[in-house]
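Data block for protein-v2.tsv (TSV, C-alpha atoms (C1' of nucleotides)):
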chain	number	residue	atom	x	y	z
A	1	MET	CA	189.32	220.72	291.06
A	2	THR	CA	191.15	222.64	293.73
A	3	ALA	CA	190.90	226.44	293.77
A	4	LYS	CA	194.40	226.85	292.41
A	5	ILE	CA	193.84	224.52	289.49
A	6	GLU	CA	190.49	226.08	288.80
A	7	SER	CA	192.00	229.56	288.69
A	8	PHE	CA	194.46	228.36	286.08
A	9	VAL	CA	191.80	226.67	283.97
A	10	MET	CA	189.49	229.68	284.13
A	11	HIS	CA	192.35	231.97	283.21
A	12	CYS	CA	193.08	229.86	280.14
A	13	GLY	CA	189.43	230.32	279.27
A	14	GLU	CA	189.57	234.08	279.59
A	15	MET	CA	192.77	234.25	277.56
A	16	GLY	CA	191.52	231.72	275.03
A	17	SER	CA	190.25	234.20	272.51
A	18	ARG	CA	193.47	236.19	272.71
A	19	TRP	CA	195.48	233.08	272.01
A	20	GLY	CA	193.45	232.24	268.93
A	21	PHE	CA	190.63	230.03	270.13
A	22	ASN	CA	187.48	230.56	272.19
A	23	ARG	CA	186.74	230.39	275.90
A	24	THR	CA	185.78	226.76	276.27
A	25	VAL	CA	188.57	225.56	274.02
A	26	GLY	CA	191.00	227.51	276.19
A	27	GLN	CA	189.56	225.96	279.34
A	28	MET	CA	189.72	222.49	277.87
A	29	TYR	CA	193.35	222.87	276.93
A	30	GLY	CA	194.25	224.34	280.30
A	31	LEU	CA	192.53	221.46	282.03
A	32	LEU	CA	194.35	218.87	279.95
A	33	ILE	CA	197.69	220.52	280.63
A	34	ILE	CA	197.53	220.67	284.41
A	35	HIS	CA	195.75	217.35	284.81
A	36	GLU	CA	198.18	214.49	285.12
A	37	GLN	CA	195.83	211.81	283.84
A	38	SER	CA	194.22	211.92	280.45
A	39	LEU	CA	190.51	212.71	280.47
A	40	SER	CA	187.46	211.40	278.64
A	41	ALA	CA	185.05	213.72	276.86
A	42	VAL	CA	182.45	213.22	279.59
A	43	GLN	CA	184.96	214.03	282.31
A	44	ILE	CA	185.86	217.23	280.52
A	45	SER	CA	182.24	218.23	280.04
A	46	GLU	CA	181.55	217.62	283.73
A	47	ALA	CA	184.65	219.41	284.96
A	48	LEU	CA	183.88	222.49	282.90
A	49	ASN	CA	180.09	222.33	282.93
A	50	ILE	CA	179.74	222.38	279.18
A	51	SER	CA	177.77	220.20	276.82
A	52	ARG	CA	179.08	216.99	275.42
A	53	GLY	CA	178.72	218.36	271.89
A	54	ASN	CA	180.82	221.37	272.75
A	55	VAL	CA	183.60	219.12	274.01
A	56	SER	CA	183.56	217.25	270.74
A	57	MET	CA	183.90	220.47	268.78
A	58	GLY	CA	186.58	221.77	271.09
A	59	ILE	CA	188.67	218.64	270.78
A	60	LYS	CA	188.39	218.92	267.01
A	61	GLU	CA	189.64	222.49	267.22
A	62	LEU	CA	192.56	221.53	269.47
A	63	GLN	CA	193.41	218.73	267.08
A	64	SER	CA	193.53	221.20	264.22
A	65	TRP	CA	196.18	223.01	266.25
A	66	ARG	CA	197.95	219.66	266.83
A	67	LEU	CA	197.70	220.25	270.59
A	68	VAL	CA	195.95	217.11	271.83
A	69	GLN	CA	196.47	213.41	271.62
A	70	VAL	CA	193.92	210.62	271.81
A	71	GLN	CA	194.57	207.58	273.95
A	72	HIS	CA	192.68	204.37	274.57
A	73	LYS	CA	192.61	202.39	277.76
A	74	PRO	CA	192.32	198.61	277.72
A	75	LYS	CA	188.79	197.28	278.20
A	76	ASP	CA	187.38	200.74	277.69
A	77	ARG	CA	185.86	202.06	274.51
A	78	LYS	CA	186.08	205.70	275.52
A	79	GLU	CA	188.65	208.06	274.07
A	80	TYR	CA	190.98	209.76	276.52
A	81	TYR	CA	192.63	213.07	275.73
A	82	SER	CA	195.93	214.57	276.81
A	83	PRO	CA	198.17	217.39	275.60
A	84	ALA	CA	200.39	216.49	272.65
A	85	GLY	CA	204.08	217.02	273.33
A	86	SER	CA	206.07	219.01	275.84
A	87	ILE	CA	205.40	222.56	276.92
A	88	TRP	CA	208.05	223.71	274.45
A	89	GLU	CA	206.39	221.81	271.64
A	90	MET	CA	203.06	223.24	272.62
A	91	ALA	CA	204.51	226.74	272.30
A	92	THR	CA	206.09	226.08	268.90
A	93	ARG	CA	202.84	224.58	267.65
A	94	VAL	CA	200.80	227.55	268.75
A	95	PHE	CA	203.37	229.81	267.08
A	96	GLU	CA	203.37	227.82	263.89
A	97	GLU	CA	199.61	227.58	263.64
A	98	ARG	CA	199.24	231.25	264.34
A	99	ARG	CA	201.79	232.05	261.69
A	100	LYS	CA	199.77	229.98	259.23
A	101	ARG	CA	196.59	231.82	260.15
A	102	GLU	CA	197.90	235.32	260.79
A	103	VAL	CA	200.88	235.80	258.51
A	104	ASP	CA	200.86	233.37	255.61
A	105	PRO	CA	197.62	234.65	254.02
A	106	THR	CA	198.99	238.18	254.14
A	107	LEU	CA	202.31	237.18	252.61
A	108	SER	CA	200.46	235.47	249.81
A	109	LEU	CA	198.25	238.48	249.15
A	110	LEU	CA	201.25	240.80	249.16
A	111	ARG	CA	203.14	238.58	246.74
A	112	ASP	CA	200.18	238.57	244.37
A	113	ASN	CA	199.83	242.32	244.55
A	114	LEU	CA	203.52	242.85	243.95
A	115	LEU	CA	203.47	240.82	240.74
A	116	ASP	CA	201.98	243.41	238.42
A	117	ALA	CA	203.23	246.92	237.91
A	118	PRO	CA	201.65	249.88	239.67
A	119	GLY	CA	199.21	251.89	237.54
A	120	ASN	CA	199.86	255.34	238.97
A	121	GLU	CA	201.73	257.22	241.64
A	122	GLN	CA	199.29	256.33	244.39
A	123	GLU	CA	199.71	252.67	243.53
A	124	GLN	CA	203.46	253.06	243.39
A	125	TYR	CA	203.45	254.31	246.96
A	126	ALA	CA	201.12	251.53	248.02
A	127	GLN	CA	203.33	248.91	246.41
A	128	ASP	CA	206.43	250.29	248.08
A	129	LYS	CA	204.73	249.92	251.43
A	130	MET	CA	203.53	246.43	250.60
A	131	HIS	CA	207.05	245.53	249.63
A	132	GLU	CA	208.35	246.76	252.96
A	133	ILE	CA	205.74	244.80	254.85
A	134	HIS	CA	206.37	241.71	252.79
A	135	ASP	CA	210.12	241.77	253.41
A	136	LEU	CA	209.65	242.37	257.10
A	137	LEU	CA	207.18	239.53	257.50
A	138	GLU	CA	209.54	237.19	255.67
A	139	THR	CA	212.43	238.15	257.92
A	140	ILE	CA	210.38	237.66	261.04
A	141	THR	CA	209.06	234.35	259.78
A	142	HIS	CA	212.57	233.11	259.13
A	143	TRP	CA	213.82	234.18	262.53
A	144	ALA	CA	210.88	232.56	264.24
A	145	ALA	CA	211.65	229.32	262.45
A	146	GLU	CA	215.30	229.52	263.52
A	147	LEU	CA	214.41	230.04	267.14
A	148	GLN	CA	211.86	227.26	267.04
A	149	SER	CA	214.42	224.83	265.72
A	150	MET	CA	216.54	225.38	268.83
A	151	SER	CA	215.94	223.46	272.00
A	152	PRO	CA	214.64	225.51	274.92
A	153	ASP	CA	217.76	224.40	276.83
A	154	LYS	CA	220.01	226.05	274.29
A	155	LEU	CA	217.96	229.22	274.43
A	156	ASN	CA	218.03	229.23	278.20
A	157	THR	CA	221.74	228.61	278.45
A	158	LEU	CA	222.35	231.47	276.12
A	159	MET	CA	220.04	233.75	278.06
A	160	LYS	CA	221.67	232.90	281.33
A	161	LEU	CA	225.12	233.60	279.95
A	162	GLY	CA	223.83	237.11	279.64
A	163	ALA	CA	224.50	237.01	275.94
A	164	SER	CA	222.02	239.26	274.23
A	165	VAL	CA	221.52	238.66	270.56
A	166	SER	CA	223.25	241.91	269.77
A	167	LYS	CA	226.28	240.94	271.80
A	168	VAL	CA	226.45	237.61	270.03
A	169	ILE	CA	226.33	239.33	266.70
A	170	ASP	CA	229.03	241.74	267.71
A	171	MET	CA	231.11	238.77	268.80
A	172	LYS	CA	230.53	237.20	265.43
A	173	ASP	CA	231.80	240.34	263.73
A	174	LYS	CA	234.87	240.34	265.94
A	175	PHE	CA	235.42	236.69	265.26
A	176	LEU	CA	235.18	237.17	261.53
A	177	LYS	CA	237.69	240.03	261.63
A	178	ASN	CA	240.17	238.42	264.01
A	179	GLY	CA	239.99	234.83	262.94
B	1	MET	CA	190.66	253.47	245.75
B	2	THR	CA	192.11	251.33	243.01
B	3	ALA	CA	191.34	247.61	242.99
B	4	LYS	CA	194.81	246.72	244.23
B	5	ILE	CA	194.68	249.10	247.16
B	6	GLU	CA	191.17	248.01	248.00
B	7	SER	CA	192.19	244.37	248.05
B	8	PHE	CA	194.90	245.22	250.56
B	9	VAL	CA	192.58	247.24	252.76
B	10	MET	CA	189.89	244.56	252.71
B	11	HIS	CA	192.45	241.92	253.52
B	12	CYS	CA	193.57	243.91	256.55
B	13	GLY	CA	189.93	243.94	257.56
B	14	GLU	CA	189.57	240.19	257.25
B	15	MET	CA	192.79	239.61	259.16
B	16	GLY	CA	192.00	242.28	261.73
B	17	SER	CA	190.50	239.99	264.31
B	18	ARG	CA	193.41	237.57	263.99
B	19	TRP	CA	195.85	240.38	264.61
B	20	GLY	CA	194.06	241.48	267.75
B	21	PHE	CA	191.53	244.05	266.65
B	22	ASN	CA	188.27	243.96	264.72
B	23	ARG	CA	187.42	244.22	261.05
B	24	THR	CA	186.93	247.94	260.70
B	25	VAL	CA	189.92	248.77	262.84
B	26	GLY	CA	191.98	246.51	260.59
B	27	GLN	CA	190.64	248.23	257.49
B	28	MET	CA	191.32	251.63	258.94
B	29	TYR	CA	194.89	250.78	259.73
B	30	GLY	CA	195.45	249.21	256.32
B	31	LEU	CA	194.07	252.30	254.66
B	32	LEU	CA	196.29	254.62	256.66
B	33	ILE	CA	199.35	252.53	255.86
B	34	ILE	CA	199.01	252.41	252.08
B	35	HIS	CA	197.70	255.94	251.74
B	36	GLU	CA	200.48	258.46	251.33
B	37	GLN	CA	198.56	261.43	252.70
B	38	SER	CA	197.08	261.51	256.14
B	39	LEU	CA	193.30	261.24	256.26
B	40	SER	CA	190.53	262.92	258.21
B	41	ALA	CA	187.90	260.96	260.10
B	42	VAL	CA	185.29	261.80	257.48
B	43	GLN	CA	187.54	260.67	254.65
B	44	ILE	CA	188.08	257.37	256.42
B	45	SER	CA	184.39	256.86	257.05
B	46	GLU	CA	183.64	257.57	253.39
B	47	ALA	CA	186.42	255.39	252.04
B	48	LEU	CA	185.33	252.43	254.14
B	49	ASN	CA	181.59	253.11	254.27
B	50	ILE	CA	181.39	253.10	258.02
B	51	SER	CA	179.82	255.53	260.44
B	52	ARG	CA	181.62	258.53	261.80
B	53	GLY	CA	181.22	257.21	265.34
B	54	ASN	CA	182.84	253.95	264.41
B	55	VAL	CA	185.85	255.80	263.03
B	56	SER	CA	186.21	257.66	266.29
B	57	MET	CA	186.19	254.42	268.26
B	58	GLY	CA	188.57	252.77	265.83
B	59	ILE	CA	191.07	255.59	266.05
B	60	LYS	CA	190.91	255.35	269.83
B	61	GLU	CA	191.66	251.65	269.59
B	62	LEU	CA	194.58	252.22	267.22
B	63	GLN	CA	195.91	254.86	269.56
B	64	SER	CA	195.80	252.41	272.43
B	65	TRP	CA	198.09	250.25	270.28
B	66	ARG	CA	200.27	253.32	269.62
B	67	LEU	CA	199.81	252.79	265.90
B	68	VAL	CA	198.43	256.13	264.71
B	69	GLN	CA	199.44	259.74	264.88
B	70	VAL	CA	197.28	262.83	264.77
B	71	GLN	CA	198.24	265.79	262.60
B	72	HIS	CA	196.77	269.21	262.03
B	73	LYS	CA	196.84	271.18	258.84
B	74	PRO	CA	197.01	274.99	258.85
B	75	LYS	CA	193.65	276.74	258.50
B	76	ASP	CA	191.85	273.46	259.10
B	77	ARG	CA	190.30	272.38	262.34
B	78	LYS	CA	190.01	268.73	261.35
B	79	GLU	CA	192.33	266.10	262.71
B	80	TYR	CA	194.32	264.10	260.19
B	81	TYR	CA	195.53	260.59	260.92
B	82	SER	CA	198.56	258.68	259.72
B	83	PRO	CA	200.44	255.58	260.85
B	84	ALA	CA	202.89	256.18	263.69
B	85	GLY	CA	206.44	255.15	262.90
B	86	SER	CA	208.04	252.91	260.31
B	87	ILE	CA	206.87	249.49	259.26
B	88	TRP	CA	209.40	247.98	261.64
B	89	GLU	CA	208.15	250.10	264.51
B	90	MET	CA	204.61	249.11	263.66
B	91	ALA	CA	205.59	245.46	263.94
B	92	THR	CA	207.36	245.90	267.27
B	93	ARG	CA	204.42	247.82	268.65
B	94	VAL	CA	201.95	245.15	267.64
B	95	PHE	CA	204.24	242.55	269.22
B	96	GLU	CA	204.65	244.52	272.39
B	97	GLU	CA	200.97	245.26	272.80
B	98	ARG	CA	200.08	241.68	272.12
B	99	ARG	CA	202.60	240.54	274.67
B	100	LYS	CA	200.98	242.85	277.20
B	101	ARG	CA	197.55	241.46	276.42
B	102	GLU	CA	198.35	237.82	275.73
B	103	VAL	CA	201.33	236.92	277.88
B	104	ASP	CA	201.75	239.33	280.79
B	105	PRO	CA	198.45	238.49	282.50
B	106	THR	CA	199.31	234.81	282.34
B	107	LEU	CA	202.79	235.34	283.73
B	108	SER	CA	201.30	237.28	286.59
B	109	LEU	CA	198.72	234.59	287.34
B	110	LEU	CA	201.37	231.90	287.22
B	111	ARG	CA	203.65	233.82	289.57
B	112	ASP	CA	200.80	234.22	292.04
B	113	ASN	CA	199.95	230.55	291.89
B	114	LEU	CA	203.56	229.53	292.34
B	115	LEU	CA	203.89	231.54	295.54
B	116	ASP	CA	202.16	229.17	297.92
B	117	ALA	CA	202.94	225.53	298.42
B	118	PRO	CA	200.91	222.79	296.71
B	119	GLY	CA	198.31	221.16	298.93
B	120	ASN	CA	198.45	217.65	297.51
B	121	GLU	CA	199.95	215.54	294.76
B	122	GLN	CA	197.55	216.74	292.12
B	123	GLU	CA	198.48	220.31	292.95
B	124	GLN	CA	202.14	219.42	292.93
B	125	TYR	CA	201.84	218.19	289.37
B	126	ALA	CA	199.87	221.26	288.40
B	127	GLN	CA	202.46	223.56	289.92
B	128	ASP	CA	205.29	221.80	288.13
B	129	LYS	CA	203.53	222.39	284.85
B	130	MET	CA	202.84	225.99	285.72
B	131	HIS	CA	206.49	226.42	286.54
B	132	GLU	CA	207.49	225.05	283.18
B	133	ILE	CA	205.09	227.34	281.37
B	134	HIS	CA	206.21	230.31	283.41
B	135	ASP	CA	209.88	229.77	282.63
B	136	LEU	CA	209.20	229.24	278.96
B	137	LEU	CA	207.11	232.38	278.65
B	138	GLU	CA	209.82	234.38	280.38
B	139	THR	CA	212.47	233.06	278.03
B	140	ILE	CA	210.38	233.81	274.97
B	141	THR	CA	209.55	237.26	276.27
B	142	HIS	CA	213.22	238.04	276.79
B	143	TRP	CA	214.17	236.81	273.35
B	144	ALA	CA	211.44	238.81	271.74
B	145	ALA	CA	212.71	241.92	273.49
B	146	GLU	CA	216.23	241.22	272.29
B	147	LEU	CA	215.17	240.84	268.70
B	148	GLN	CA	213.01	243.92	268.88
B	149	SER	CA	215.92	245.99	270.07
B	150	MET	CA	217.80	245.18	266.88
B	151	SER	CA	217.30	247.18	263.73
B	152	PRO	CA	215.65	245.30	260.87
B	153	ASP	CA	218.78	246.01	258.83
B	154	LYS	CA	220.90	244.11	261.28
B	155	LEU	CA	218.48	241.21	261.23
B	156	ASN	CA	218.36	241.21	257.46
B	157	THR	CA	222.11	241.37	257.02
B	158	LEU	CA	222.47	238.45	259.32
B	159	MET	CA	219.81	236.48	257.50
B	160	LYS	CA	221.35	237.13	254.16
B	161	LEU	CA	224.74	236.01	255.36
B	162	GLY	CA	223.04	232.70	255.77
B	163	ALA	CA	223.86	232.77	259.44
B	164	SER	CA	221.25	230.80	261.30
B	165	VAL	CA	220.96	231.45	264.98
B	166	SER	CA	222.49	228.10	265.72
B	167	LYS	CA	225.49	228.86	263.56
B	168	VAL	CA	225.96	232.17	265.31
B	169	ILE	CA	225.89	230.46	268.65
B	170	ASP	CA	228.41	227.93	267.48
B	171	MET	CA	230.59	230.80	266.31
B	172	LYS	CA	230.28	232.38	269.70
B	173	ASP	CA	231.48	229.16	271.33
B	174	LYS	CA	234.43	229.04	268.94
B	175	PHE	CA	235.23	232.65	269.63
B	176	LEU	CA	235.16	232.16	273.36
B	177	LYS	CA	237.50	229.18	273.07
B	178	ASN	CA	239.92	230.76	270.59
B	179	GLY	CA	239.99	234.35	271.73
C	1	DT	C1'	179.24	285.02	274.25
C	2	DT	C1'	177.85	282.65	270.41
C	3	DA	C1'	177.65	279.40	266.99
C	4	DA	C1'	179.95	276.72	263.61
C	5	DA	C1'	182.87	272.89	263.02
C	6	DC	C1'	184.44	269.39	264.67
C	7	DT	C1'	184.99	264.97	268.10
C	8	DT	C1'	183.32	261.63	271.47
C	9	DT	C1'	180.02	258.86	273.75
C	10	DC	C1'	176.70	255.48	274.29
C	11	DA	C1'	172.03	253.10	274.03
C	12	DG	C1'	170.10	250.12	271.16
C	13	DA	C1'	170.22	247.36	266.69
C	14	DA	C1'	172.70	244.29	263.76
C	15	DA	C1'	176.02	240.93	262.97
C	16	DT	C1'	178.84	237.43	264.45
C	17	DT	C1'	180.29	233.74	267.23
C	18	DA	C1'	179.65	230.11	270.59
C	19	DC	C1'	176.79	226.59	272.87
C	20	DT	C1'	173.21	223.20	273.60
C	21	DG	C1'	170.87	219.05	273.05
C	22	DA	C1'	168.73	215.84	270.28
C	23	DA	C1'	169.31	213.08	266.22
C	24	DA	C1'	172.44	210.73	263.26
C	25	DC	C1'	176.32	208.20	262.91
C	26	DT	C1'	180.13	204.68	264.22
C	27	DT	C1'	182.10	200.84	266.41
C	28	DC	C1'	182.25	196.66	268.44
C	29	DA	C1'	181.00	192.65	271.53
C	30	DG	C1'	177.94	189.01	271.70
D	1	DC	C1'	172.64	191.04	262.78
D	2	DT	C1'	171.56	193.75	267.17
D	3	DG	C1'	171.95	197.01	270.48
D	4	DA	C1'	174.86	199.23	273.82
D	5	DA	C1'	178.33	202.55	274.29
D	6	DG	C1'	180.37	205.67	272.50
D	7	DT	C1'	181.28	210.09	269.00
D	8	DT	C1'	179.89	213.71	265.69
D	9	DT	C1'	176.89	216.88	263.51
D	10	DC	C1'	173.99	220.66	263.15
D	11	DA	C1'	169.67	223.53	263.58
D	12	DG	C1'	168.22	226.64	266.67
D	13	DT	C1'	169.21	229.62	270.59
D	14	DA	C1'	172.11	232.29	273.63
D	15	DA	C1'	175.85	235.27	274.36
D	16	DT	C1'	179.02	238.43	272.77
D	17	DT	C1'	180.87	241.75	269.87
D	18	DT	C1'	180.54	245.36	266.65
D	19	DC	C1'	178.24	249.26	264.43
D	20	DT	C1'	175.11	253.10	263.90
D	21	DG	C1'	173.35	257.53	264.55
D	22	DA	C1'	171.72	260.92	267.44
D	23	DA	C1'	172.89	263.58	271.41
D	24	DA	C1'	176.36	265.56	274.25
D	25	DG	C1'	180.83	267.53	274.51
D	26	DT	C1'	184.82	270.47	272.91
D	27	DT	C1'	187.29	274.02	270.59
D	28	DT	C1'	187.96	278.20	268.35
D	29	DA	C1'	187.06	282.33	265.48
D	30	DA	C1'	184.70	286.36	265.53

Write-out of the structure in structure tokens:
Amino acid sequence: MTAKIESFVMHCGEMGSRWGFNRTVGQMYGLLIIHEQSLSAVQISEALNISRGNVSMGIKELQSWRLVQVQHKPKDRKEYYSPAGSIWEMATRVFEERRKREVDPTLSLLRDNLLDAPGNEQEQYAQDKMHEIHDLLETITHWAAELQSMSPDKLNTLMKLGASVSKVIDMKDKFLKNG
Amino acid sequence: MTAKIESFVMHCGEMGSRWGFNRTVGQMYGLLIIHEQSLSAVQISEALNISRGNVSMGIKELQSWRLVQVQHKPKDRKEYYSPAGSIWEMATRVFEERRKREVDPTLSLLRDNLLDAPGNEQEQYAQDKMHEIHDLLETITHWAAELQSMSPDKLNTLMKLGASVSKVIDMKDKFLKNG
DNA sequence: TTAAACTTTCAGAAATTACTGAAACTTCAG
DNA sequence: CTGAAGTTTCAGTAATTTCTGAAAGTTTAA
């Protein structure tokens, strides 16, 4: 590993826990991304100086995020790993998985709590707040899904046109009035 | 604390680490959000059964996220805490702080690495990937900023009109052609 | 000044999370 | 079958993170 590549891989490790996994899982994913060829478990464990067992667990974790692919080479019984999908797909998958882990459980709890009537004033206030949070999370979730369904090209084009979302919406208003 | 309120507070605790802080900080914030009156440090420590010192550290953490406010009551030397801003502001602050912690350091590392020329083919491939990631993160960052600058009302109205982002963009195209 | 009422800090303990390495398991060619 | 070449599991250990509580620090009223 050259210094530049190593700095990237190590950075992925440090950021790992902030992105939702742990250090070695972050390193593993970083390594798979910047390495052109797919890698075997032993190669990964040697490159990162971690145990074979840890690699196995890490791969499992990355698979649960739908971020790695397994490949087989002819005449070779080993499994080779590479990132699943494009960079854009990787981003949408991380988003989606994080939504599942960070938002969905909360939405479900809020829905449950909103079902039965508040018992007193304190609970009324609490429910009002929960309602606000619930509605906001739903809105954000929907918007995220919309953006994810667009190609990065479309997003980029739009950005480069200098069209902020607000401007587009204003245009829409204009269009609806004029047309 | 009624059962309903407690379930919310405990949930915030469980989710805390997924949202970027730890259990007690999550509980503290949950408590402040659903509690109408602002609370003193001692009240928080009693409500959550945690030490006074831990409350102090937790408040500091929440302040670093710009999520709590300090108040003073007349004839009372204690500090009283309450959530800073509306639910929408709370969401944008969490987003923004997470961006600072989760994305900005990576963007900066990528920029640094992209400055000098690749030394060999392997590094060329790595740099191409880094470039892709860099551009994507920038696009996402910009979009997030755009959405954050909108009021939740505006977002909601748009959602309820059934206008998906794609549709809006199509409208924009139409508008540009027709008008 | 003083001291009461409060807040912050931080060393060490407790709790949690991650990692290792050896054993168990799986697969497949011969 | 057998055993070689691989993968997975998991108990125990290591590392990290969080929490406590006592001591130090701050503020203010008198």

Next on the checklist: So that I can check the surroundings of Asn120 in chain B, please list as a list of chain:residue names every protein, DNA and RNA residue that reaches within 12 Å of it, counting all atoms listed in the file and ignoring chain neighbours fewer than 2 positions away.
Outcome noted: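 Close residues of Asn120 in chain B: A:Met1, A:Thr2, A:Lys4, A:Ile5, B:Ala117, B:Pro118, B:Gln122, B:Glu123, B:Gln124, B:Tyr125, B:Ala126, B:Gln127.
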
Checklist entry - Just how far from CA of Val94 in chain B is CA of Ile44 in chain B, in Å to one decimal? => result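 CA of Val94 in chain B lies at a distance of 21.6 Å from CA of Ile44 in chain B.
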
Item to check | Exercise answer, chain B residues close to chain D, 8 Å and all atoms listed in the file, as an NGL selection string | outcome: :B and (51 or 53-54)

For chain B versus chain C, which residues have an atom no more than 9 Å away, and what is each residue's nearest atom pair and distance in Å rounded to one decimal, using all atoms listed in the file, chain-then-number order, as JSON lines?
{"residue": "B:Gly53", "atom": "CA", "partner": "C:DT8", "partner_atom": "C1'", "distance": 7.8}
{"residue": "B:Ser56", "atom": "CA", "partner": "C:DT8", "partner_atom": "C1'", "distance": 7.1}
{"residue": "B:Met57", "atom": "CA", "partner": "C:DT8", "partner_atom": "C1'", "distance": 8.4}
{"residue": "B:Arg77", "atom": "CA", "partner": "C:DC6", "partner_atom": "C1'", "distance": 7.0}
{"residue": "B:Lys78", "atom": "CA", "partner": "C:DC6", "partner_atom": "C1'", "distance": 6.5}
{"residue": "B:Glu79", "atom": "CA", "partner": "C:DC6", "partner_atom": "C1'", "distance": 8.8}

Next on the checklist: Near chain A, meaning an atom within 6 Å, which residues of chain B appear when counting only C-alpha atoms? Write them as a list in words.
Outcome noted: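 The contacting residues on chain B are Arg18, Ile34, Glu102, Ala126 and Phe175 of chain B.
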
Checklist entry - What separation in Å, quoted to one decimal, exists between CA of Arg23 in chain B and CA of Gly30 in chain A? => result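 Here the two named atoms are 28.5 Å from each other.
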
Item to check | Exercise: Ala47 in chain A partners within 10 Å, all atoms listed in the file, chain neighbours under 2 positions left out, as a list in words | outcome: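 Residues near the query, excluding close chain neighbours: Met1, Glu6, Gln27, Met28, Leu31, Leu39, Ala41, Val42, Gln43, Ile44, Ser45, Asn49 and Ile50 of chain A.
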
Next on the checklist: Please report the interatomic distance between CA of Glu97 in chain A and CA of Gln63 in chain A in Å with one decimal.
Outcome noted: 11.3 Å

Next on the checklist: Could you check the closest approach to His131 in chain A for each of A:Asp153, A:Ala84, A:Leu107, A:Leu48 and tell me which residue wins, using all atoms listed in the file?
Outcome noted: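 Smallest separation from His131 in chain A among the options: A:Leu107.
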